[in-house]
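Inspection log for the structure reproduced underneath, given as structure tokens.
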Amino acid sequence: LEGTNDITTTVTVPLGGSAKIEGIPVGTEYTITEAVPEGTELLTIDEADVTAAAAPAASGSIAENQTATHTFVNAKKPTVEASVNKVWLKADGTAGQAPVETISLRLEKSLNGTDWSAVTGYETVSLGTNGWAARFEKLDKYEDYKAAPLKPYRYRVVELGTENNYIFFADERYEVSYSQSDTETSFATTITNKHAPILYDLTISKTVTGNLGSRFKSFSFRYFSRFSMLTLITLMP
């Protein structure tokens with residue numbers, strides 16, 4: 001530890017415990033930083049609030065016949081998880097096939113259940129490549145878990161590209177509906193897309209001209225579309 005070169009030492013401190021670094025020469029200047037464990041937050045160093053600090057650390061100089069002691073306090077952030085499941089239905093309500101390979105979703109959060117905003121990092125999520133279900137873990141449970149009263153978040157998943165509860169895939173219309181199942185630690189969204197063909201009115205008229213045509217006989221027409229079987233239509237006089 002002699003000389004002017006910087007020396008870095010890594011020490012593992014057990015939860016609720018302490019660690020000691022020995023053999024440091026008198027006069028050595030030091031800086032201690034923490035690799036904050038995932039899912040926790042460094043709150044204080046030596047009772048000083050460091051939550052807003054860009055690079056929180058403890059520092060000092062080794063004095064003769066003295067032991068430098070520093071205390072780091074962490075808190076585990078309460079988290080929840082959210083999930084989404086996609087269901088495809090035919091127009092008759094039976095299980096259907098997805099008309100596309102992927103869809104786009106957005107994970108949203110709200111404090112009051114009315115005003116929703118996108119969760120950072122999940123503004124656009126692709127679903128379908130690895131199945132029609134997904135899970136989002138380690139989401140903040142509260143707006144600020146250190147402030148009273150606690151304000152919990154709610155989470156939901158919405159499908160992007162919908163308008164008035166409908167969405168189009170390859171010119172085919174699907175009705176979009178949602179169901180939500182929530183607990184204190186999980187939020188589950190089911191998105192159902194039901195095929196909703198656009199229906200049109202079809203008007204057929206028959207005009208008989210000339211002296212040889214009969215205005216008293218019936219005429220038959222055959223109608224076929226992508227959404228129905230062959231239909232025989234008879235016009236009566």
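Ordering of the structure tokens sets the chain letters (A, B, ...), residue numbers begin anew at 1 in every chain, and ligands are numbered from 1 in the order given.
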- Near Phe187 in chain A, within 9 Å and counting only C-alpha atoms, which residues show up once chain neighbours fewer than 6 positions away are dropped, as a PyMOL selection string? chain A and resi 80-84+154-156+180-181
Restricted to N, CA and C atoms, what would the selected residues look like written as a tab-separated table (two decimals), in the first residue's frame?
```
chain	number	residue	atom	x	y	z
A	80	VAL	N	-43.64	-4.96	-7.59
A	80	VAL	CA	-44.75	-5.80	-8.03
A	80	VAL	C	-44.46	-6.28	-9.44
A	81	GLU	N	-45.33	-7.08	-9.97
A	81	GLU	CA	-45.17	-7.54	-11.35
A	81	GLU	C	-46.48	-7.39	-12.11
A	82	ALA	N	-46.36	-7.30	-13.42
A	82	ALA	CA	-47.53	-7.23	-14.30
A	82	ALA	C	-47.40	-8.28	-15.38
A	83	SER	N	-48.51	-8.70	-15.91
A	83	SER	CA	-48.50	-9.71	-16.97
A	83	SER	C	-49.60	-9.41	-17.98
A	84	VAL	N	-49.45	-9.98	-19.17
A	84	VAL	CA	-50.46	-9.80	-20.21
A	84	VAL	C	-50.64	-11.12	-20.95
A	154	ARG	N	-50.95	1.38	-9.87
A	154	ARG	CA	-51.69	0.32	-10.57
A	154	ARG	C	-51.05	0.16	-11.95
A	155	TYR	N	-51.10	-1.05	-12.48
A	155	TYR	CA	-50.50	-1.31	-13.79
A	155	TYR	C	-51.50	-1.99	-14.72
A	156	ARG	N	-51.38	-1.68	-16.00
A	156	ARG	CA	-52.19	-2.33	-17.01
A	156	ARG	C	-51.40	-2.36	-18.31
A	180	GLN	N	-59.17	-7.36	-16.36
A	180	GLN	CA	-58.07	-7.12	-15.43
A	180	GLN	C	-58.27	-7.93	-14.17
A	181	SER	N	-57.20	-8.58	-13.71
A	181	SER	CA	-57.23	-9.33	-12.47
A	181	SER	C	-56.02	-8.90	-11.64
```
- Can you list every residue in range 22-165 of chain A that DSSP puts in strand (DSSP E or B), as a VMD selection string? chain A and resid 29 to 32 40 to 45 48 to 49 58 to 61 72 to 76 79 to 89 95 103 to 110 117 to 118 125 to 128 131 133 to 140 142 152 154 to 159 163
- So which one's closest to Val157 in chain A, A:Lys90, A:Lys20, A:Arg135, A:His70? Using only C-alpha atoms, please.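 Answer, going by the shortest atom-to-atom distance: A:Arg135.
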- Task: For Asp46 in chain A, list every protein, DNA or RNA residue within 9 Å, evaluated using only C-alpha atoms, and leave out those in the same chain fewer than 5 positions away; present the list as a PyMOL selection string.
- Result: chain A and resi 58+69-73
Can you write just those residues out, C-alpha atoms, as a PDB file, in the first residue's frame?
```pdb
ATOM      1  CA  ALA A  58     -17.458   8.023   1.932  1.00  0.00           C
ATOM      2  CA  THR A  69     -15.720   3.739  10.403  1.00  0.00           C
ATOM      3  CA  HIS A  70     -18.441   4.387   7.852  1.00  0.00           C
ATOM      4  CA  THR A  71     -22.031   3.154   7.780  1.00  0.00           C
ATOM      5  CA  PHE A  72     -23.997   2.587   4.587  1.00  0.00           C
ATOM      6  CA  VAL A  73     -27.762   2.116   4.899  1.00  0.00           C
TER       7      VAL A  73
END
```
- Query: Do you know which residues are at most 12 Å from Ala35 in chain A counting only C-alpha atoms, after dropping those on the same chain fewer than 4 positions away, and could you put them as a ChimeraX atom specification?
  - Reply: /A:10-13,39-42,55-57,72,74
- Task: Using only C-alpha atoms, find the one residue out of A:Tyr145, A:Trp132, A:Phe168, A:Trp88 that sits nearest to Leu43 in chain A.
- Result: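 Once distances to Leu43 in chain A are computed over only C-alpha atoms, the minimum belongs to A:Tyr145.
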- Item | Among the residues A:Lys109, A:Arg173, A:Lys146, A:His195, the one that comes closest to Gly96 in chain A [using only C-alpha atoms] |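 Closest to Gly96 in chain A of all the choices is A:His195.
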- Quick one: of A:Ala148, A:Lys141, A:Tyr153, A:Lys86, who's nearest to Gly128 in chain A, counting only C-alpha atoms?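 Using only C-alpha atoms, Gly128 in chain A sits closest to A:Lys86.
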- Thr162 in chain A surroundings by only C-alpha atoms, 12 Å radius, close-in-sequence under 5 positions cut, as a PyMOL selection string: chain A and resi 103-106+167-169+173-177+191+193
Residues just named, written with all heavy atoms as a CSV table (one decimal), in the first residue's frame:
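In the end it all went to part-v5.csv:
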```csv
chain,number,residue,atom,x,y,z
A,103,ILE,N,-47.8,-8.1,-32.3
A,103,ILE,CA,-48.6,-6.9,-32.1
A,103,ILE,C,-47.8,-6.0,-31.2
A,103,ILE,O,-46.8,-6.5,-30.6
A,103,ILE,CB,-49.9,-7.2,-31.4
A,103,ILE,CG1,-49.7,-7.9,-30.1
A,103,ILE,CG2,-50.8,-8.0,-32.3
A,103,ILE,CD1,-51.0,-8.0,-29.3
A,104,SER,N,-48.2,-4.8,-31.0
A,104,SER,CA,-47.4,-3.8,-30.2
A,104,SER,C,-48.3,-3.4,-29.0
A,104,SER,O,-49.5,-3.1,-29.1
A,104,SER,CB,-47.1,-2.6,-31.0
A,104,SER,OG,-46.1,-2.9,-32.0
A,105,LEU,N,-47.7,-3.4,-27.8
A,105,LEU,CA,-48.4,-3.1,-26.6
A,105,LEU,C,-47.6,-2.0,-25.8
A,105,LEU,O,-46.5,-1.7,-26.2
A,105,LEU,CB,-48.4,-4.4,-25.6
A,105,LEU,CG,-49.0,-5.6,-26.2
A,105,LEU,CD1,-48.8,-6.8,-25.2
A,105,LEU,CD2,-50.4,-5.5,-26.6
A,106,ARG,N,-48.3,-1.5,-24.8
A,106,ARG,CA,-47.6,-0.5,-23.9
A,106,ARG,C,-48.0,-0.8,-22.5
A,106,ARG,O,-49.2,-1.0,-22.2
A,106,ARG,CB,-48.1,0.9,-24.3
A,106,ARG,CG,-47.4,2.0,-23.4
A,106,ARG,CD,-47.7,3.4,-23.8
A,106,ARG,NE,-49.1,3.7,-23.8
A,106,ARG,CZ,-49.8,4.1,-24.9
A,106,ARG,NH1,-49.2,4.3,-26.1
A,106,ARG,NH2,-51.1,4.4,-24.8
A,167,ILE,N,-59.4,-2.6,-34.1
A,167,ILE,CA,-58.1,-2.6,-34.7
A,167,ILE,C,-58.2,-3.4,-36.0
A,167,ILE,O,-58.9,-4.3,-36.1
A,167,ILE,CB,-57.0,-3.1,-33.7
A,167,ILE,CG1,-55.6,-2.9,-34.3
A,167,ILE,CG2,-57.2,-4.6,-33.5
A,167,ILE,CD1,-54.5,-3.2,-33.3
A,168,PHE,N,-57.4,-3.0,-37.0
A,168,PHE,CA,-57.4,-3.7,-38.3
A,168,PHE,C,-56.1,-4.4,-38.5
A,168,PHE,O,-55.0,-3.9,-38.2
A,168,PHE,CB,-57.6,-2.7,-39.4
A,168,PHE,CG,-59.0,-2.2,-39.5
A,168,PHE,CD1,-59.5,-1.2,-38.7
A,168,PHE,CD2,-59.9,-2.8,-40.4
A,168,PHE,CE1,-60.8,-0.7,-38.8
A,168,PHE,CE2,-61.2,-2.3,-40.5
A,168,PHE,CZ,-61.7,-1.3,-39.7
A,169,PHE,N,-56.2,-5.6,-39.0
A,169,PHE,CA,-55.0,-6.4,-39.4
A,169,PHE,C,-55.3,-6.9,-40.8
A,169,PHE,O,-56.3,-7.6,-41.0
A,169,PHE,CB,-54.8,-7.6,-38.5
A,169,PHE,CG,-54.5,-7.2,-37.1
A,169,PHE,CD1,-55.4,-7.5,-36.1
A,169,PHE,CD2,-53.3,-6.6,-36.7
A,169,PHE,CE1,-55.1,-7.1,-34.7
A,169,PHE,CE2,-53.0,-6.3,-35.4
A,169,PHE,CZ,-53.9,-6.5,-34.4
A,173,ARG,N,-61.1,-6.4,-39.6
A,173,ARG,CA,-61.4,-5.7,-38.3
A,173,ARG,C,-61.6,-6.6,-37.1
A,173,ARG,O,-62.2,-7.7,-37.2
A,173,ARG,CB,-62.7,-4.8,-38.5
A,173,ARG,CG,-63.0,-3.9,-37.3
A,173,ARG,CD,-64.2,-3.1,-37.6
A,173,ARG,NE,-65.4,-3.9,-37.5
A,173,ARG,CZ,-66.6,-3.4,-37.4
A,173,ARG,NH1,-66.8,-2.1,-37.4
A,173,ARG,NH2,-67.7,-4.2,-37.4
A,174,TYR,N,-61.0,-6.2,-36.0
A,174,TYR,CA,-61.1,-7.0,-34.8
A,174,TYR,C,-61.6,-6.0,-33.6
A,174,TYR,O,-61.1,-4.9,-33.5
A,174,TYR,CB,-59.8,-7.6,-34.4
A,174,TYR,CG,-59.4,-8.8,-35.2
A,174,TYR,CD1,-58.9,-8.6,-36.5
A,174,TYR,CD2,-59.6,-10.1,-34.8
A,174,TYR,CE1,-58.6,-9.7,-37.3
A,174,TYR,CE2,-59.3,-11.2,-35.6
A,174,TYR,CZ,-58.8,-11.0,-36.8
A,174,TYR,OH,-58.5,-12.1,-37.6
A,175,GLU,N,-62.5,-6.5,-32.8
A,175,GLU,CA,-62.9,-5.8,-31.6
A,175,GLU,C,-61.9,-6.1,-30.5
A,175,GLU,O,-61.6,-7.3,-30.3
A,175,GLU,CB,-64.3,-6.2,-31.3
A,175,GLU,CG,-64.9,-5.4,-30.1
A,175,GLU,CD,-66.3,-5.9,-29.7
A,175,GLU,OE1,-66.7,-6.9,-30.2
A,175,GLU,OE2,-66.9,-5.2,-28.9
A,176,VAL,N,-61.5,-5.1,-29.8
A,176,VAL,CA,-60.6,-5.2,-28.7
A,176,VAL,C,-61.2,-5.0,-27.4
A,176,VAL,O,-61.9,-4.0,-27.2
A,176,VAL,CB,-59.4,-4.2,-28.9
A,176,VAL,CG1,-58.4,-4.4,-27.8
A,176,VAL,CG2,-58.7,-4.3,-30.2
A,177,SER,N,-61.1,-5.9,-26.5
A,177,SER,CA,-61.7,-5.8,-25.1
A,177,SER,C,-60.6,-6.2,-24.1
A,177,SER,O,-59.7,-7.0,-24.4
A,177,SER,CB,-62.9,-6.7,-25.0
A,177,SER,OG,-62.6,-8.0,-25.2
A,191,ILE,N,-56.1,-9.4,-23.0
A,191,ILE,CA,-56.5,-8.6,-24.2
A,191,ILE,C,-57.2,-9.6,-25.1
A,191,ILE,O,-56.5,-10.5,-25.6
A,191,ILE,CB,-55.4,-7.8,-24.8
A,191,ILE,CG1,-54.7,-6.9,-23.8
A,191,ILE,CG2,-55.9,-7.0,-26.0
A,191,ILE,CD1,-53.5,-6.2,-24.4
A,193,ASN,N,-59.0,-10.1,-28.8
A,193,ASN,CA,-59.3,-9.6,-30.1
A,193,ASN,C,-60.2,-10.5,-30.8
A,193,ASN,O,-59.9,-11.7,-31.1
A,193,ASN,CB,-58.0,-9.5,-31.0
A,193,ASN,CG,-57.2,-8.2,-30.6
A,193,ASN,OD1,-57.3,-7.7,-29.6
A,193,ASN,ND2,-56.3,-7.8,-31.5
```
- Message: Please report the interatomic distance between CA of Asp115 in chain A and CA of Leu160 in chain A in Å with one decimal.
- Response: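 CA of Leu160 in chain A lies at a distance of 17.2 Å from CA of Asp115 in chain A.
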- In Å to one decimal, how far is CA of Ala54 in chain A from CA of Glu38 in chain A?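 Computing it gives 17.2 Å between the two atoms.
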